[in-house]
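Colleague: Sharing model03.cif (mmCIF, C-alpha atoms) below.
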```cif
data_input
#
loop_
_atom_site.label_atom_id
_atom_site.label_comp_id
_atom_site.auth_asym_id
_atom_site.auth_seq_id
_atom_site.Cartn_x
_atom_site.Cartn_y
_atom_site.Cartn_z
CA MET A 1 -1.29 -6.00 11.34
CA GLU A 2 -4.86 -6.20 12.55
CA ASP A 3 -6.14 -2.98 13.94
CA ASP A 4 -9.62 -1.86 14.93
CA ALA A 5 -9.17 1.62 13.40
CA PRO A 6 -11.50 2.42 10.47
CA VAL A 7 -10.15 2.88 6.95
CA ILE A 8 -11.87 5.61 4.92
CA TYR A 9 -12.11 6.05 1.16
CA GLY A 10 -13.75 8.99 -0.65
CA LEU A 11 -15.34 8.36 -4.05
CA GLU A 12 -15.74 12.04 -5.01
CA PHE A 13 -19.23 11.17 -6.25
CA GLN A 14 -22.51 10.74 -4.46
CA ALA A 15 -23.27 7.06 -3.97
CA ARG A 16 -25.81 4.78 -2.33
CA ALA A 17 -25.23 1.33 -3.88
CA LEU A 18 -22.84 -1.12 -2.23
CA THR A 19 -22.27 -4.87 -2.35
CA ALA A 20 -19.54 -7.30 -1.37
CA GLN A 21 -18.23 -9.26 -4.34
CA THR A 22 -20.01 -12.42 -3.23
CA ALA A 23 -18.13 -14.95 -5.38
CA GLU A 24 -14.73 -13.61 -4.23
CA THR A 25 -13.84 -15.41 -1.02
CA ASP A 26 -10.08 -14.72 -0.92
CA ALA A 27 -9.69 -11.00 -1.56
CA ILE A 28 -11.68 -8.51 0.51
CA ARG A 29 -13.55 -6.72 -2.26
CA PHE A 30 -16.58 -4.43 -2.41
CA LEU A 31 -18.34 -2.83 -5.38
CA VAL A 32 -19.79 0.67 -5.15
CA GLY A 33 -22.06 2.35 -7.73
CA THR A 34 -22.18 6.14 -8.11
CA GLN A 35 -25.04 8.58 -8.59
CA SER A 36 -24.03 11.51 -10.71
CA LEU A 37 -26.27 13.52 -13.01
CA LYS A 38 -23.40 15.46 -14.58
CA PHE A 39 -20.79 12.78 -15.28
CA ASP A 40 -20.67 9.19 -16.46
CA ASN A 41 -21.51 6.94 -13.55
CA GLN A 42 -18.97 4.47 -12.32
CA ILE A 43 -18.51 1.21 -10.47
CA HIS A 44 -15.64 1.47 -8.01
CA ILE A 45 -13.99 -1.86 -7.25
CA ILE A 46 -12.61 -1.49 -3.75
CA ASP A 47 -9.94 -3.95 -2.64
CA PHE A 48 -8.93 -3.84 0.99
CA ASP A 49 -5.40 -4.94 1.78
CA ASP A 50 -5.81 -5.92 5.43
CA GLU A 51 -2.13 -6.53 6.03
CA ASN A 52 -1.21 -2.95 5.22
CA ASN A 53 -4.61 -1.47 6.11
CA ILE A 54 -4.96 0.29 2.77
CA ILE A 55 -7.57 0.45 0.03
CA ASN A 56 -6.81 -0.10 -3.66
CA LYS A 57 -9.42 0.87 -6.18
CA ASN A 58 -10.24 0.30 -9.84
CA VAL A 59 -12.93 2.18 -11.73
CA LEU A 60 -15.25 0.89 -14.46
CA LEU A 61 -17.67 3.09 -16.41
CA HIS A 62 -21.42 2.49 -16.12
CA GLN A 63 -22.67 4.90 -18.76
CA ALA A 64 -26.27 3.72 -18.57
CA GLY A 65 -27.22 6.06 -15.70
CA GLU A 66 -27.11 6.69 -11.96
CA ILE A 67 -26.97 3.51 -9.91
CA TRP A 68 -29.59 2.86 -7.22
CA HIS A 69 -28.87 -0.77 -6.46
CA ILE A 70 -26.05 -3.19 -7.19
CA GLY A 71 -25.80 -6.97 -6.77
CA ALA A 72 -22.95 -9.43 -7.32
CA SER A 73 -23.32 -12.90 -8.82
CA PRO A 74 -22.77 -15.66 -6.26
CA ALA A 75 -21.00 -17.79 -8.86
CA ASP A 76 -19.05 -15.53 -11.23
CA LYS A 77 -16.80 -12.80 -9.85
CA ALA A 78 -17.02 -10.78 -13.07
CA VAL A 79 -20.83 -10.59 -13.26
CA LEU A 80 -23.07 -8.06 -11.51
CA THR A 81 -26.49 -6.46 -11.76
CA THR A 82 -27.44 -2.81 -11.39
CA CYS A 83 -30.69 -0.90 -11.15
CA TYR A 84 -30.23 2.53 -12.64
CA ASN A 85 -32.18 5.58 -13.76
CA LYS A 86 -32.19 6.80 -17.32
CA THR A 87 -34.15 9.57 -18.96
CA SER A 88 -36.28 8.48 -21.85
CA ASP A 89 -38.67 10.88 -23.63
CA SER A 90 -38.02 13.34 -20.78
CA ARG A 91 -39.33 10.78 -18.27
CA VAL A 92 -37.06 9.13 -15.75
CA VAL A 93 -37.31 5.34 -15.89
CA SER A 94 -35.65 2.81 -13.60
CA CYS A 95 -34.04 -0.08 -15.46
CA ALA A 96 -32.13 -3.21 -14.50
CA ALA A 97 -29.35 -5.01 -16.33
CA VAL A 98 -26.71 -7.73 -16.01
CA TRP A 99 -23.11 -6.67 -16.70
CA ARG A 100 -19.70 -8.26 -17.01
CA MET A 101 -16.46 -6.63 -15.93
CA PRO A 102 -13.83 -6.58 -18.70
CA SER A 103 -11.53 -9.57 -18.25
CA ASP A 104 -8.45 -7.40 -17.71
CA TRP A 105 -9.97 -4.88 -15.28
CA GLU A 106 -7.31 -5.77 -12.71
CA THR A 107 -4.52 -4.57 -14.97
CA GLY A 108 -5.43 -1.00 -14.05
CA SER A 109 -2.23 -0.29 -12.13
CA HIS A 110 -2.68 0.45 -8.44
CA GLU A 111 0.61 2.36 -8.27
CA SER A 112 -0.50 5.18 -10.53
CA PRO A 113 -4.23 5.63 -10.00
CA ASP A 114 -4.18 8.71 -12.25
CA ASP A 115 -3.79 6.66 -15.43
CA THR A 116 -6.86 4.56 -14.84
CA ALA A 117 -8.82 7.63 -13.81
CA HIS A 118 -8.23 9.23 -17.20
CA ASN A 119 -9.23 6.30 -19.22
CA PRO A 120 -11.30 3.78 -17.27
CA GLN A 121 -12.69 0.68 -18.93
CA THR A 122 -16.40 0.17 -19.52
CA LEU A 123 -18.70 -2.54 -18.20
CA GLU A 124 -19.95 -4.94 -20.86
CA LEU A 125 -23.74 -5.21 -21.06
CA LEU A 126 -24.84 -8.87 -20.95
CA CYS A 127 -28.61 -8.38 -20.97
CA HIS A 128 -31.44 -6.13 -19.82
CA LEU A 129 -33.84 -7.27 -17.10
CA ASP A 130 -36.44 -4.83 -18.24
CA ASP A 131 -39.79 -5.56 -19.17
CA SER A 132 -41.48 -2.25 -19.89
CA VAL A 133 -44.80 -3.94 -19.11
CA HIS A 134 -43.76 -4.40 -15.50
CA GLY A 135 -42.66 -0.89 -14.59
CA ASN A 136 -39.68 0.53 -12.75
CA ALA A 137 -37.04 -1.79 -11.28
CA ALA A 138 -36.32 -1.30 -7.56
CA CYS A 139 -33.80 -4.08 -6.99
CA VAL A 140 -32.40 -7.32 -8.37
CA LEU A 141 -31.75 -10.31 -6.10
CA TRP A 142 -29.42 -13.19 -6.99
CA GLU A 143 -30.36 -16.68 -5.90
CA PRO A 144 -28.31 -17.22 -2.71
CA MET A 145 -25.56 -19.83 -3.05
CA GLY A 146 -26.86 -20.39 -6.56
CA ASP A 147 -25.04 -21.06 -9.82
CA GLY A 148 -25.62 -17.48 -10.95
CA LYS A 149 -28.41 -18.47 -13.32
CA ARG A 150 -31.48 -17.19 -11.45
CA VAL A 151 -32.35 -13.65 -10.38
CA ILE A 152 -35.48 -11.92 -9.18
CA SER A 153 -36.26 -8.34 -10.08
CA LEU A 154 -38.80 -6.27 -8.17
CA ALA A 155 -40.45 -3.71 -10.42
CA ASP A 156 -43.36 -1.57 -9.21
CA ASN A 157 -45.85 -4.20 -7.97
CA HIS A 158 -44.32 -7.20 -9.78
CA ALA A 159 -41.77 -9.79 -8.69
CA LEU A 160 -40.18 -11.38 -11.77
CA LEU A 161 -38.15 -14.59 -11.60
CA TRP A 162 -35.62 -14.68 -14.46
CA ASP A 163 -33.54 -17.50 -15.91
CA LEU A 164 -30.22 -16.25 -17.22
CA GLN A 165 -29.18 -18.24 -20.28
CA GLU A 166 -26.37 -18.32 -22.85
CA SER A 167 -23.72 -17.15 -20.32
CA SER A 168 -26.12 -14.51 -18.98
CA THR A 169 -26.57 -12.82 -22.36
CA GLN A 170 -30.25 -13.73 -22.38
CA ALA A 171 -32.82 -13.36 -19.64
CA VAL A 172 -36.17 -15.10 -19.77
CA VAL A 173 -38.99 -14.49 -17.28
CA SER A 174 -39.94 -17.90 -15.89
CA SER A 175 -42.66 -16.76 -13.47
CA THR A 176 -44.16 -13.65 -11.89
CA ALA A 177 -46.05 -12.58 -8.80
CA THR A 178 -48.10 -9.42 -8.43
CA LEU A 179 -49.05 -7.34 -5.40
CA GLU A 180 -52.81 -7.07 -5.35
CA GLY A 181 -54.69 -4.34 -3.50
CA LYS A 182 -55.89 -0.75 -3.54
CA GLY A 183 -53.79 2.21 -4.60
CA GLN A 184 -50.34 2.37 -6.12
CA LEU A 185 -48.64 -0.67 -4.64
CA LYS A 186 -44.88 -0.76 -5.04
CA PHE A 187 -42.13 -3.05 -3.82
CA THR A 188 -39.37 -1.12 -2.08
CA SER A 189 -36.98 -3.99 -1.35
CA GLY A 190 -36.72 -7.73 -0.96
CA LYS A 191 -34.52 -10.64 0.07
CA TRP A 192 -34.24 -14.14 -1.37
CA SER A 193 -34.12 -16.62 1.52
CA PRO A 194 -31.11 -18.95 1.62
CA HIS A 195 -33.28 -21.57 3.39
CA HIS A 196 -35.98 -24.01 2.17
CA ASN A 197 -33.94 -24.83 -0.96
CA CYS A 198 -34.06 -21.15 -1.93
CA SER A 199 -37.79 -21.41 -2.61
CA GLN A 200 -38.87 -18.35 -0.58
CA LEU A 201 -38.73 -14.62 -1.03
CA ALA A 202 -39.52 -11.80 1.40
CA THR A 203 -40.58 -8.40 0.08
CA ALA A 204 -41.33 -4.99 1.54
CA ASN A 205 -43.96 -2.63 0.24
CA ASP A 206 -44.99 0.46 2.19
CA THR A 207 -45.30 -0.69 5.84
CA ALA A 208 -45.89 -4.38 5.01
CA ILE A 209 -43.60 -7.39 4.72
CA ARG A 210 -44.71 -10.38 2.66
CA GLY A 211 -43.37 -13.88 2.18
CA TRP A 212 -43.69 -15.67 -1.17
CA ASP A 213 -43.30 -19.28 -2.26
CA LEU A 214 -41.32 -19.10 -5.52
CA ARG A 215 -42.55 -22.50 -6.69
CA THR A 216 -46.13 -21.30 -6.89
CA MET A 217 -45.45 -17.53 -6.81
CA SER A 218 -48.09 -17.25 -4.08
CA GLN A 219 -48.05 -15.33 -0.82
CA ILE A 220 -47.29 -17.40 2.29
CA TYR A 221 -47.36 -14.75 5.02
CA CYS A 222 -48.00 -11.06 5.44
CA ILE A 223 -46.99 -8.73 8.27
CA GLU A 224 -49.39 -5.87 7.57
CA ASN A 225 -47.96 -3.05 9.67
CA ALA A 226 -44.49 -4.37 10.28
CA HIS A 227 -43.24 -0.80 10.78
CA GLY A 228 -45.00 2.48 11.54
CA GLN A 229 -43.61 3.94 8.33
CA LEU A 230 -41.99 2.66 5.13
CA VAL A 231 -39.99 -0.60 5.40
CA ARG A 232 -36.55 0.02 3.85
CA ASP A 233 -34.68 -3.27 4.04
CA LEU A 234 -34.88 -6.95 5.00
CA ASP A 235 -32.39 -9.70 5.75
CA PHE A 236 -32.69 -13.39 6.64
CA ASN A 237 -30.80 -14.93 9.52
CA PRO A 238 -28.31 -17.23 7.72
CA ASN A 239 -28.54 -19.91 10.43
CA ARG A 240 -32.15 -19.77 11.66
CA GLN A 241 -34.52 -20.40 8.80
CA TYR A 242 -37.60 -18.61 10.15
CA TYR A 243 -35.88 -15.46 11.38
CA LEU A 244 -36.07 -12.25 9.38
CA ALA A 245 -34.82 -8.75 10.24
CA SER A 246 -36.44 -5.54 8.96
CA CYS A 247 -35.79 -1.82 9.29
CA GLY A 248 -37.61 1.32 8.29
CA ASP A 249 -38.46 4.97 8.47
CA ASP A 250 -39.86 4.60 12.01
CA CYS A 251 -36.16 4.43 13.13
CA LYS A 252 -36.68 0.84 14.28
CA VAL A 253 -35.05 -2.48 13.51
CA LYS A 254 -37.31 -5.48 14.11
CA PHE A 255 -36.69 -9.22 14.22
CA TRP A 256 -39.47 -11.60 13.19
CA ASP A 257 -40.19 -15.28 13.43
CA VAL A 258 -42.23 -15.71 10.25
CA ARG A 259 -44.14 -18.65 11.76
CA ASN A 260 -45.82 -16.18 14.11
CA VAL A 261 -46.03 -12.70 12.66
CA GLN A 262 -48.33 -11.09 15.22
CA GLU A 263 -45.44 -9.49 17.12
CA PRO A 264 -41.74 -9.03 16.46
CA VAL A 265 -39.48 -11.25 18.57
CA LYS A 266 -37.31 -8.22 19.32
CA THR A 267 -37.17 -4.52 18.45
CA LEU A 268 -34.10 -2.26 18.41
CA GLU A 269 -34.58 1.47 18.82
CA GLU A 270 -31.04 2.80 18.70
CA HIS A 271 -31.25 5.02 15.62
CA SER A 272 -32.70 8.54 15.57
CA HIS A 273 -33.66 8.66 11.87
CA TRP A 274 -34.65 6.34 9.01
CA VAL A 275 -32.85 2.99 8.98
CA TRP A 276 -31.82 2.11 5.42
CA SER A 277 -29.99 -1.15 5.80
CA VAL A 278 -29.92 -4.22 8.09
CA ARG A 279 -27.42 -7.05 7.62
CA TYR A 280 -26.79 -10.27 9.51
CA ASN A 281 -23.20 -11.49 9.66
CA HIS A 282 -22.94 -14.51 7.32
CA SER A 283 -21.30 -16.79 9.92
CA HIS A 284 -22.04 -15.35 13.36
CA ASP A 285 -25.71 -14.42 13.20
CA GLN A 286 -25.72 -12.61 16.54
CA LEU A 287 -23.80 -9.78 14.82
CA VAL A 288 -26.18 -7.37 13.08
CA LEU A 289 -25.27 -4.15 11.25
CA THR A 290 -27.71 -1.29 10.77
CA ALA A 291 -27.17 1.93 8.78
CA SER A 292 -29.23 5.08 9.08
CA SER A 293 -29.85 8.65 7.94
CA ASP A 294 -28.71 9.66 11.43
CA SER A 295 -25.20 9.26 9.86
CA ARG A 296 -24.46 6.34 12.13
CA LEU A 297 -23.70 2.69 11.66
CA ILE A 298 -24.49 0.43 14.62
CA LEU A 299 -23.15 -3.04 15.30
CA SER A 300 -25.44 -4.97 17.67
CA ASN A 301 -24.89 -8.30 19.38
CA MET A 302 -28.36 -9.92 19.15
CA VAL A 303 -27.23 -13.04 20.92
CA SER A 304 -30.57 -13.95 22.58
CA ILE A 305 -32.25 -14.58 19.20
CA SER A 306 -29.19 -16.04 17.49
CA SER A 307 -28.32 -19.67 16.79
CA GLU A 308 -25.99 -19.50 19.83
CA PRO A 309 -28.18 -17.91 22.54
CA PHE A 310 -26.33 -19.68 25.36
CA GLY A 311 -22.92 -19.17 23.79
CA HIS A 312 -23.13 -22.52 21.94
CA LEU A 313 -25.04 -23.81 18.95
CA VAL A 314 -28.64 -24.94 19.51
CA ASP A 315 -31.27 -25.89 16.99
CA ASP A 316 -34.78 -24.46 16.71
CA GLU A 317 -36.46 -27.50 18.30
CA GLU A 318 -34.23 -27.35 21.35
CA LEU A 319 -35.07 -23.66 21.71
CA SER A 320 -38.83 -24.06 21.55
CA GLU A 321 -39.13 -27.08 23.83
CA GLY A 322 -36.39 -26.08 26.22
CA GLU A 323 -37.83 -22.78 27.33
CA ASP A 324 -39.65 -24.22 30.37
CA ASN A 325 -36.83 -26.40 31.71
CA HIS A 326 -34.19 -23.70 31.94
CA GLN A 327 -35.77 -21.62 34.68
CA ASP A 328 -33.63 -22.81 37.58
CA ASP A 329 -30.40 -23.39 35.71
CA LYS A 330 -28.52 -20.09 35.61
CA SER A 331 -25.82 -21.32 33.23
CA LYS A 332 -28.54 -21.92 30.64
CA GLU A 333 -29.80 -18.33 30.61
CA PRO A 334 -29.50 -16.68 27.21
CA LEU A 335 -26.73 -14.10 27.00
CA LYS A 336 -27.79 -10.43 26.97
CA ASP A 337 -28.22 -8.45 23.76
CA SER A 338 -26.20 -5.26 23.47
CA VAL A 339 -24.98 -2.52 21.19
CA VAL A 340 -21.36 -3.42 20.51
CA SER A 341 -20.33 -0.23 18.82
CA THR A 342 -21.69 2.91 17.20
CA TYR A 343 -19.60 4.14 14.27
CA GLU A 344 -19.55 7.88 13.64
CA GLU A 345 -17.15 8.17 10.69
CA HIS A 346 -19.89 9.29 8.31
CA GLU A 347 -21.23 12.83 8.05
CA ASP A 348 -24.17 12.06 5.77
CA SER A 349 -26.95 9.47 5.50
CA VAL A 350 -25.51 5.95 5.60
CA TYR A 351 -27.44 4.13 2.89
CA ALA A 352 -25.72 0.77 2.90
CA ALA A 353 -23.70 -1.60 5.05
CA GLU A 354 -22.32 -4.95 3.93
CA TRP A 355 -20.23 -7.71 5.49
CA SER A 356 -17.21 -8.90 3.54
CA SER A 357 -17.66 -12.28 1.85
CA ALA A 358 -13.97 -13.09 2.45
CA ASP A 359 -13.45 -12.01 6.07
CA PRO A 360 -16.36 -12.57 8.50
CA TRP A 361 -15.09 -9.89 10.91
CA LEU A 362 -14.93 -7.05 8.40
CA PHE A 363 -17.64 -4.76 7.02
CA ALA A 364 -18.06 -1.69 4.83
CA SER A 365 -20.52 1.18 5.01
CA LEU A 366 -21.36 3.85 2.45
CA SER A 367 -22.82 7.31 2.94
CA TYR A 368 -24.41 9.50 0.31
CA ASP A 369 -21.44 11.88 0.11
CA GLY A 370 -19.42 9.00 -1.37
CA ARG A 371 -17.55 8.08 1.79
CA LEU A 372 -16.85 4.37 2.15
CA VAL A 373 -15.65 3.20 5.57
CA ILE A 374 -14.19 -0.22 6.34
CA ASN A 375 -14.37 -1.39 9.95
CA ARG A 376 -13.74 -4.56 11.92
CA VAL A 377 -15.66 -6.26 14.68
CA PRO A 378 -13.83 -5.25 17.90
CA ARG A 379 -11.19 -7.83 18.74
CA ALA A 380 -12.46 -8.46 22.27
CA LEU A 381 -15.88 -9.50 20.92
CA LYS A 382 -14.36 -11.57 18.12
CA TYR A 383 -12.37 -13.64 20.62
CA ARG A 384 -15.35 -13.97 22.94
CA ILE A 385 -17.40 -15.41 20.06
CA LEU A 386 -14.61 -17.71 18.90
CA LEU A 387 -13.36 -19.04 22.23
#
```
Please, can you express the file's structure as structure tokens?
Modeller:
Amino acid sequence: MEDDAPVIYGLEFQARALTAQTAETDAIRFLVGTQSLKFDNQIHIIDFDDENNIINKNVLLHQAGEIWHIGASPADKAVLTTCYNKTSDSRVVSCAAVWRMPSDWETGSHESPDDTAHNPQTLELLCHLDDSVHGNAACVLWEPMGDGKRVISLADNHALLWDLQESSTQAVVSSTATLEGKGQLKFTSGKWSPHHNCSQLATANDTAIRGWDLRTMSQIYCIENAHGQLVRDLDFNPNRQYYLASCGDDCKVKFWDVRNVQEPVKTLEEHSHWVWSVRYNHSHDQLVLTASSDSRLILSNMVSISSEPFGHLVDDEELSEGEDNHQDDKSKEPLKDSVVSTYEEHEDSVYAAEWSSADPWLFASLSYDGRLVINRVPRALKYRILL
């Protein structure tokens, strides 16, 4: 039974790290990492049963520390990365590691969740992605659509490209890039582009966004003051290779064409506090999710800058050359952008939003109080896009 009503799950721990299980394309599954100073931290494996509209969960222990970022291998369902804090010599350091779920994690019975709660299984450490030389890890990015053998970690002012070898039990740095400039430069987030044979990376540091060519590890573009305050998150349009979305502490979401970075193509100003997360739908790139400290999640229909601005697929060339000829033809006018829906199920900062990798119309959001909400694109819009 498909219903537009949200489904809510409480983790009972503070949490800010969320990812879809990228390699799982049949089951609707999300992974959430907790942030607890008092207890062992955990990865909650959230399975959504969309026929019965219920959530089943399994818990794995992540004893290494509180989880700030989580990423799922695109090739192996059982493998994931986390960035976590640990205290070492009374200093807090941020580390990154690759983990494997125990092969029988699914045997934790759904019927009696109490049993698994008392004695959860532990993640198996495959390898560390730490390189004390390079400072504190902010995030780890898997190569999109890759074979699960290449990751990038952003640590302080370094971007490190790693090769995972020996079934991910060994990680070797194959190349590095460094942010040059005055002061304490630090990457806050980044995104590996799925385009250009996966040879490009976008990073955020302070108010700037930079593009990198991974073959030479050199900078290819820089948007100096992309936002008025800190840039929090980036995402590439999956269907338009030069389009990049960003969001930040100036409450804005901006869309860029990286071939011309003087001005954003479009700016959204719907949030009233910091915007932590921006995510393009993997199939229908007009659908964009944004999550904010205003406790709201917003689904926007950015159709005018999508790959289907006239309601049908067009390529970039057609868009750039066709702009003059469409003046008199009303049917060729781009459709209007709009806010589809504002979701108010959270009562705390919404730190993350992710689309399901199994169902293109379904998404999850996570607020700091440990509330995970699963929602669907409204049916009316879904049918308008499909028909």
Colleague: Residues near A:Leu234, anyone? I mean within 8 Å using only C-alpha atoms, not counting same-chain ones fewer than 5 positions away, as a VMD selection string.
Modeller: chain A and resid 189 to 191 202 to 204 244 to 247 277 to 279
Colleague: Please write as a list in words the full residue list that the PyMOL selection byres ((chain A and resi 144-158) around 6) yields on this file.
Modeller: Ser73, Pro74, Ala75, Gly135, Asn136, Ala137, Ala138, Cys139, Val140, Leu141, Trp142, Glu143, Ala159, Leu160, Leu161, Trp162, Asp163, Leu164, Ala177, Thr178, Leu179, Leu185, Lys186, Phe187 and Pro194 of chain A
Colleague: Here is a test: counting all atoms listed in the file, which residue of A:Ile43, A:Ile55, A:Ile305, A:Cys198 is nearest to A:Asn237?
Modeller: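 Closest to A:Asn237, using all atoms listed in the file: A:Ile305.
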Colleague: Could you list as a PyMOL selection string every residue that has an atom within 8 Å of (-14.5, 1.5, -7.7), using the file's coordinates and counting all atoms listed in the file?
Modeller: chain A and resi 11+31-33+42-46+57-60
Colleague: Take the selection from the previous step and output its residues with C-alpha atoms, as a PDB file, in the frame of the given file.
Modeller:
```
ATOM      1  CA  LEU A  11     -15.340   8.360  -4.050  1.00  0.00           C
ATOM      2  CA  LEU A  31     -18.340  -2.830  -5.380  1.00  0.00           C
ATOM      3  CA  VAL A  32     -19.790   0.670  -5.150  1.00  0.00           C
ATOM      4  CA  GLY A  33     -22.060   2.350  -7.730  1.00  0.00           C
ATOM      5  CA  GLN A  42     -18.970   4.470 -12.320  1.00  0.00           C
ATOM      6  CA  ILE A  43     -18.510   1.210 -10.470  1.00  0.00           C
ATOM      7  CA  HIS A  44     -15.640   1.470  -8.010  1.00  0.00           C
ATOM      8  CA  ILE A  45     -13.990  -1.860  -7.250  1.00  0.00           C
ATOM      9  CA  ILE A  46     -12.610  -1.490  -3.750  1.00  0.00           C
ATOM     10  CA  LYS A  57      -9.420   0.870  -6.180  1.00  0.00           C
ATOM     11  CA  ASN A  58     -10.240   0.300  -9.840  1.00  0.00           C
ATOM     12  CA  VAL A  59     -12.930   2.180 -11.730  1.00  0.00           C
ATOM     13  CA  LEU A  60     -15.250   0.890 -14.460  1.00  0.00           C
TER      14      LEU A  60
END
```
Colleague: Residue by residue, what does the PyMOL selection byres ((chain A and resi 98) around 8) grab here? Present the result as a PyMOL selection string.
Modeller: chain A and resi 79-82+96-97+99-100+125-129+168
Colleague: Can you write out the residues you just picked, keeping C-alpha atoms, as a compact mmCIF listing (two decimals), in the coordinates of the input?
Modeller:
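Okay, this is what ended up in part.txt:
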```txt
# COMPACT_ATOMS: atom_id res chain seq x y z
CA VAL A 79 -20.83 -10.59 -13.26
CA LEU A 80 -23.07 -8.06 -11.51
CA THR A 81 -26.49 -6.46 -11.76
CA THR A 82 -27.44 -2.81 -11.39
CA ALA A 96 -32.13 -3.21 -14.50
CA ALA A 97 -29.35 -5.01 -16.33
CA TRP A 99 -23.11 -6.67 -16.70
CA ARG A 100 -19.70 -8.26 -17.01
CA LEU A 125 -23.74 -5.21 -21.06
CA LEU A 126 -24.84 -8.87 -20.95
CA CYS A 127 -28.61 -8.38 -20.97
CA HIS A 128 -31.44 -6.13 -19.82
CA LEU A 129 -33.84 -7.27 -17.10
CA SER A 168 -26.12 -14.51 -18.98
```
Colleague: What does the distance between atom CA of A:Asn41 and atom CA of A:Tyr343 come to in Å, to one decimal place?
Modeller: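 According to the coordinates, atom CA of A:Asn41 and atom CA of A:Tyr343 are separated by 28.0 Å.
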Colleague: For A:His195, which residue among A:Pro6, A:Pro264, A:Pro238, A:Pro102 is the nearest when counting all atoms listed in the file?
Modeller: A:Pro238
Colleague: What lies within 10 Å of A:Trp276 using only C-alpha atoms, ignoring chain neighbours under 4 positions off, as a list in words?
Modeller: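 The residues that qualify are Val231, Arg232, Asp233, Leu234, Ser246, Cys247, Gly248, Asp249, Cys251, Val253, Thr290, Ala291, Ser292, Ser293, Ser349, Val350, Tyr351, Ala352 and Ala353 of chain A.
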Colleague: So which residues touch A:Val373 within 8 Å, counting only C-alpha atoms, skipping near sequence neighbours fewer than 2 positions away, as a count of residues only?
Modeller: 11
Colleague: Give as a list in words the residues that the PyMOL selection byres ((chain A and resi 339) around 12) matches when applied to the coordinates above.
Modeller: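 Residues picked by the PyMOL selection byres ((chain A and resi 339) around 12): Leu268, Glu269, Glu270, His271, Gln286, Leu287, Val288, Leu289, Thr290, Leu297, Ile298, Leu299, Ser300, Asn301, Met302, Val303, Lys336, Asp337, Ser338, Val340, Ser341, Thr342, Tyr343, Val377, Pro378 and Leu381 of chain A.
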Colleague: Report, in Å with one decimal, the straight-line distance from atom CA of A:Glu333 to atom CA of A:Ser304.
Modeller: 9.2 Å
Colleague: Copy stretch 367-376 of chain A out of the block into a file, keeping N, CA, C and O atoms, as a PDB file, in the first residue's frame.
Modeller:
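Resulting contents of out-v3.pdb:
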```pdb
ATOM      1  N   SER A 367      17.561  13.856  12.094  1.00  0.00           N
ATOM      2  CA  SER A 367      17.843  15.030  12.938  1.00  0.00           C
ATOM      3  C   SER A 367      18.679  14.607  14.136  1.00  0.00           C
ATOM      4  O   SER A 367      18.769  13.422  14.482  1.00  0.00           O
ATOM      5  N   TYR A 368      19.285  15.602  14.762  1.00  0.00           N
ATOM      6  CA  TYR A 368      20.299  15.355  15.787  1.00  0.00           C
ATOM      7  C   TYR A 368      19.758  14.574  16.979  1.00  0.00           C
ATOM      8  O   TYR A 368      20.486  13.865  17.662  1.00  0.00           O
ATOM      9  N   ASP A 369      18.461  14.686  17.243  1.00  0.00           N
ATOM     10  CA  ASP A 369      17.874  13.955  18.374  1.00  0.00           C
ATOM     11  C   ASP A 369      17.695  12.469  18.066  1.00  0.00           C
ATOM     12  O   ASP A 369      17.105  11.730  18.847  1.00  0.00           O
ATOM     13  N   GLY A 370      18.197  12.022  16.902  1.00  0.00           N
ATOM     14  CA  GLY A 370      18.120  10.597  16.579  1.00  0.00           C
ATOM     15  C   GLY A 370      16.819  10.200  15.916  1.00  0.00           C
ATOM     16  O   GLY A 370      16.488   9.017  15.852  1.00  0.00           O
ATOM     17  N   ARG A 371      16.094  11.177  15.394  1.00  0.00           N
ATOM     18  CA  ARG A 371      14.837  10.843  14.706  1.00  0.00           C
ATOM     19  C   ARG A 371      15.104  10.680  13.217  1.00  0.00           C
ATOM     20  O   ARG A 371      15.640  11.583  12.576  1.00  0.00           O
ATOM     21  N   LEU A 372      14.760   9.514  12.698  1.00  0.00           N
ATOM     22  CA  LEU A 372      14.893   9.248  11.268  1.00  0.00           C
ATOM     23  C   LEU A 372      13.482   9.223  10.683  1.00  0.00           C
ATOM     24  O   LEU A 372      12.603   8.546  11.208  1.00  0.00           O
ATOM     25  N   VAL A 373      13.275   9.977   9.602  1.00  0.00           N
ATOM     26  CA  VAL A 373      11.947  10.042   8.986  1.00  0.00           C
ATOM     27  C   VAL A 373      12.061   9.584   7.535  1.00  0.00           C
ATOM     28  O   VAL A 373      12.957  10.021   6.812  1.00  0.00           O
ATOM     29  N   ILE A 374      11.167   8.699   7.141  1.00  0.00           N
ATOM     30  CA  ILE A 374      11.130   8.251   5.742  1.00  0.00           C
ATOM     31  C   ILE A 374       9.889   8.837   5.082  1.00  0.00           C
ATOM     32  O   ILE A 374       8.784   8.743   5.619  1.00  0.00           O
ATOM     33  N   ASN A 375      10.090   9.496   3.952  1.00  0.00           N
ATOM     34  CA  ASN A 375       9.002  10.142   3.221  1.00  0.00           C
ATOM     35  C   ASN A 375       9.045   9.738   1.757  1.00  0.00           C
ATOM     36  O   ASN A 375      10.064   9.249   1.269  1.00  0.00           O
ATOM     37  N   ARG A 376       7.934  10.011   1.062  1.00  0.00           N
ATOM     38  CA  ARG A 376       7.880   9.755  -0.373  1.00  0.00           C
ATOM     39  C   ARG A 376       7.562  11.036  -1.123  1.00  0.00           C
ATOM     40  O   ARG A 376       6.872  11.918  -0.599  1.00  0.00           O
TER      41      ARG A 376
END
```
